[in-house]
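To keep things clear, I will list the structure first and then write my remarks on it.
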Amino acid sequence: MTLNILDVAGNKQLTGDIFSSFAHEHPDVISKVTWQTAGAPDMAGKVKAQQDAGNLHIDLVLTGTDGLSAGIEQGLFVNMKKFSDRLSNMADYQAPAANMQKLAQDQAVELVYYPSGPLLEYNPDKVKNPPKTADELLAWAKAHPGKFGYAQPANSGPGRTWLMGLPYILGDNDPKDPVNGWTKTWDYLQKLGKYVKTYPTGASVTMNNLKTGAWDMALTTTGWDINPRALNQVPKNFKVTSLDGFKWVSDAQYAAVPKGVSADKMSAILQVLNYALTQKQQAKTFDDGYFYPGPAVKGVTIDMAPPKSQQVIKEYGRPEYADLIASHPVVTPIDAQKLVKAFSMWDKKVGGGKAGSQ
């Protein structure tokens, strides 16, 4: 049968070869894989419209925590817990990835994981003494209005990682509660926002702003640091740093099955998802550093990755990441419902009329 995938996370870059390999090795199960893409904010409406019409053409949704949150909130996805015996490789998740799987509330299967950020990326020719604290970042932004920015959190990995990581940096009351526990965070973001010209609709625009010199500094993550430099979307010599009090806010991407998929399709999907969680297939997720490191399961090392991935990480990876990952705690993002609320609060309190494409 044909497997129709809706990718709202750029996940094809990480797992496309996994799905292709499965189809090649098991043509009796999946004869063809089709891909379509959409923005994460558009996914829920697209899936729900097909479900309501009784005309479902999407068999699998590949999404980050943003689309996952919206899908869970609207009850769009199949509960995968009843299929756990056919997804045995989920038992091999490394500990931080296993914590990320809990966020899925059994509504999806985690495919890739990374510690993420938040990190600051900057042009070393323009920023001689990068900020070391949140106060120093605010002071730098004030002294260089319009030269720092980040993308809208609802549609950007670095944006939402920053939103959820800032409460730890500021020592806020409850980093897991955006409504009652982020007093310092909302105050800080409003102050910082005075010097942010616009909030782009996605992280790719922020990378372009760095490359063109429109910005000298932006929020990033390990993957959004390595991959754009490997693709020459950001100069190779750009640097990254973290702020005092920083904790990794981990991130993951998931496969979710829309309600309404046939039993035959579900059987095929379960086989391909379990296959995707084998060490051999997970090693492909090192990719070009897009979601660095990438593998969600234990025991997958860079020497197991394809030669191209090994070369990219050797040339564009950063030795300091190993120390940063080892020396700073990894925390999970806030849960789906709170994340949706945090996005809404950011829109009202911070984004205002500054949302845009530049």
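Going through the structure tokens in order, the chains are called A, B, and so on, while each chain numbers its residues from 1 and the ligands are numbered from 1 in the order shown.
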Please produce, as JSON lines, a per-residue contact table for region 27-86 of chain A versus region 97-114 of chain A (criterion: any atom at most 9 Å away, only C-alpha atoms considered), showing the nearest atom pair and its distance in Å to one decimal, sorted by chain then residue number.
```
{"residue": "A:Leu62", "atom": "CA", "partner": "A:Leu111", "partner_atom": "CA", "distance": 8.9}
{"residue": "A:Thr65", "atom": "CA", "partner": "A:Ala104", "partner_atom": "CA", "distance": 8.3}
{"residue": "A:Leu68", "atom": "CA", "partner": "A:Ala104", "partner_atom": "CA", "distance": 7.3}
{"residue": "A:Ser69", "atom": "CA", "partner": "A:Ala104", "partner_atom": "CA", "distance": 8.3}
{"residue": "A:Gly71", "atom": "CA", "partner": "A:Gln107", "partner_atom": "CA", "distance": 8.7}
{"residue": "A:Ile72", "atom": "CA", "partner": "A:Gln107", "partner_atom": "CA", "distance": 6.9}
{"residue": "A:Gly75", "atom": "CA", "partner": "A:Gln107", "partner_atom": "CA", "distance": 8.9}
{"residue": "A:Leu76", "atom": "CA", "partner": "A:Gln107", "partner_atom": "CA", "distance": 8.8}
{"residue": "A:Phe77", "atom": "CA", "partner": "A:Gln107", "partner_atom": "CA", "distance": 5.8}
{"residue": "A:Val78", "atom": "CA", "partner": "A:Gln107", "partner_atom": "CA", "distance": 5.9}
{"residue": "A:Asn79", "atom": "CA", "partner": "A:Gln107", "partner_atom": "CA", "distance": 4.8}
{"residue": "A:Met80", "atom": "CA", "partner": "A:Asp106", "partner_atom": "CA", "distance": 5.4}
{"residue": "A:Lys81", "atom": "CA", "partner": "A:Asp106", "partner_atom": "CA", "distance": 5.6}
```
List the neighbours of region 290-307 of chain A out to 6 Å using only C-alpha atoms; skip same-chain residues closer than 2 positions along the sequence, and give me the result as a ChimeraX atom specification. /A:92-94,97,112-114,222-223,227,279,282-286,288,309-310
Limited to C-alpha atoms, could you put the picked residues into a file as a JSON list (two decimals), in the first residue's frame?
```json
[["chain", "number", "residue", "atom", "x", "y", "z"],
["A", 92, "ASP", "CA", 15.40, 1.28, 23.88],
["A", 93, "TYR", "CA", 14.93, 5.05, 24.25],
["A", 94, "GLN", "CA", 17.80, 6.80, 26.02],
["A", 97, "ALA", "CA", 14.32, 10.72, 25.02],
["A", 112, "VAL", "CA", 14.33, 11.64, 16.99],
["A", 113, "TYR", "CA", 15.63, 13.56, 20.02],
["A", 114, "TYR", "CA", 18.13, 16.28, 20.82],
["A", 222, "THR", "CA", 22.53, 22.74, 18.38],
["A", 223, "GLY", "CA", 20.84, 21.67, 15.16],
["A", 227, "ASN", "CA", 23.03, 22.52, 9.85],
["A", 279, "GLN", "CA", 20.08, 1.38, 15.87],
["A", 282, "GLN", "CA", 18.55, 5.75, 13.99],
["A", 283, "ALA", "CA", 22.19, 6.32, 12.99],
["A", 284, "LYS", "CA", 20.87, 8.03, 9.84],
["A", 285, "THR", "CA", 19.32, 10.78, 11.99],
["A", 286, "PHE", "CA", 22.71, 12.39, 12.62],
["A", 288, "ASP", "CA", 23.79, 17.00, 8.49],
["A", 309, "SER", "CA", 27.04, 12.69, 8.28],
["A", 310, "GLN", "CA", 30.37, 11.87, 9.91]]
```
Region 5-19 of chain A: which residues within 8 Å, counting only C-alpha atoms, same-chain residues fewer than 3 positions away excluded, as a PyMOL selection string? chain A and resi 22-23+33-40+43+58-64+67+253+272+276+281+284-287+290-291
Output C-alpha atoms for every residue in that selection, as a PDB file, in the first residue's frame.
```pdb
ATOM      1  CA  PHE A  22      11.741   0.190   4.626  1.00  0.00           C
ATOM      2  CA  ALA A  23       9.746   0.388   1.392  1.00  0.00           C
ATOM      3  CA  VAL A  33       5.770   6.685   0.236  1.00  0.00           C
ATOM      4  CA  THR A  34       4.321  10.098  -0.598  1.00  0.00           C
ATOM      5  CA  TRP A  35       5.226  13.302   1.210  1.00  0.00           C
ATOM      6  CA  GLN A  36       3.452  16.589   1.678  1.00  0.00           C
ATOM      7  CA  THR A  37       4.438  19.478   3.909  1.00  0.00           C
ATOM      8  CA  ALA A  38       2.603  22.155   5.862  1.00  0.00           C
ATOM      9  CA  GLY A  39       3.339  24.628   8.629  1.00  0.00           C
ATOM     10  CA  ALA A  40       2.879  23.265  12.128  1.00  0.00           C
ATOM     11  CA  MET A  43      -1.629  20.794  10.592  1.00  0.00           C
ATOM     12  CA  ILE A  58      -3.074  11.475   5.617  1.00  0.00           C
ATOM     13  CA  ASP A  59      -1.777   8.231   7.137  1.00  0.00           C
ATOM     14  CA  LEU A  60       1.018   9.605   9.287  1.00  0.00           C
ATOM     15  CA  VAL A  61       1.878  13.040  10.676  1.00  0.00           C
ATOM     16  CA  LEU A  62       5.520  13.844  11.441  1.00  0.00           C
ATOM     17  CA  THR A  63       5.572  16.718  13.888  1.00  0.00           C
ATOM     18  CA  GLY A  64       7.479  18.540  16.574  1.00  0.00           C
ATOM     19  CA  GLY A  67       2.010  20.349  16.178  1.00  0.00           C
ATOM     20  CA  GLN A 253       9.948  14.920  16.713  1.00  0.00           C
ATOM     21  CA  VAL A 272       7.804   0.940   9.775  1.00  0.00           C
ATOM     22  CA  ALA A 276      12.758   3.342  12.426  1.00  0.00           C
ATOM     23  CA  GLN A 281      18.164   3.309  11.082  1.00  0.00           C
ATOM     24  CA  LYS A 284      20.866   8.033   9.838  1.00  0.00           C
ATOM     25  CA  THR A 285      19.320  10.778  11.990  1.00  0.00           C
ATOM     26  CA  PHE A 286      22.709  12.392  12.624  1.00  0.00           C
ATOM     27  CA  ASP A 287      22.016  13.678   9.099  1.00  0.00           C
ATOM     28  CA  TYR A 290      19.846  19.314  11.612  1.00  0.00           C
ATOM     29  CA  PHE A 291      18.691  17.805  14.929  1.00  0.00           C
TER      30      PHE A 291
END
```
Polymer residues at most 8 Å from Gln337 (chain A), only C-alpha atoms, same-chain spacing of 2 or more positions, as JSON, numbers by chain: {"A": [69, 73, 335, 339, 340, 341]}
Do you know which residues are at most 8 Å from region 173-183 of chain A counting only C-alpha atoms, after dropping those on the same chain fewer than 3 positions away, and could you put them as a PyMOL selection string? chain A and resi 164-165+167-168+186-187+333-334+338+341-342
Using only C-alpha atoms, which residues sit within 8 Å of Asp244 (chain A) once same-chain residues fewer than 4 positions away are excluded, as an MDAnalysis selection string? chainID A and resid 132:134 169
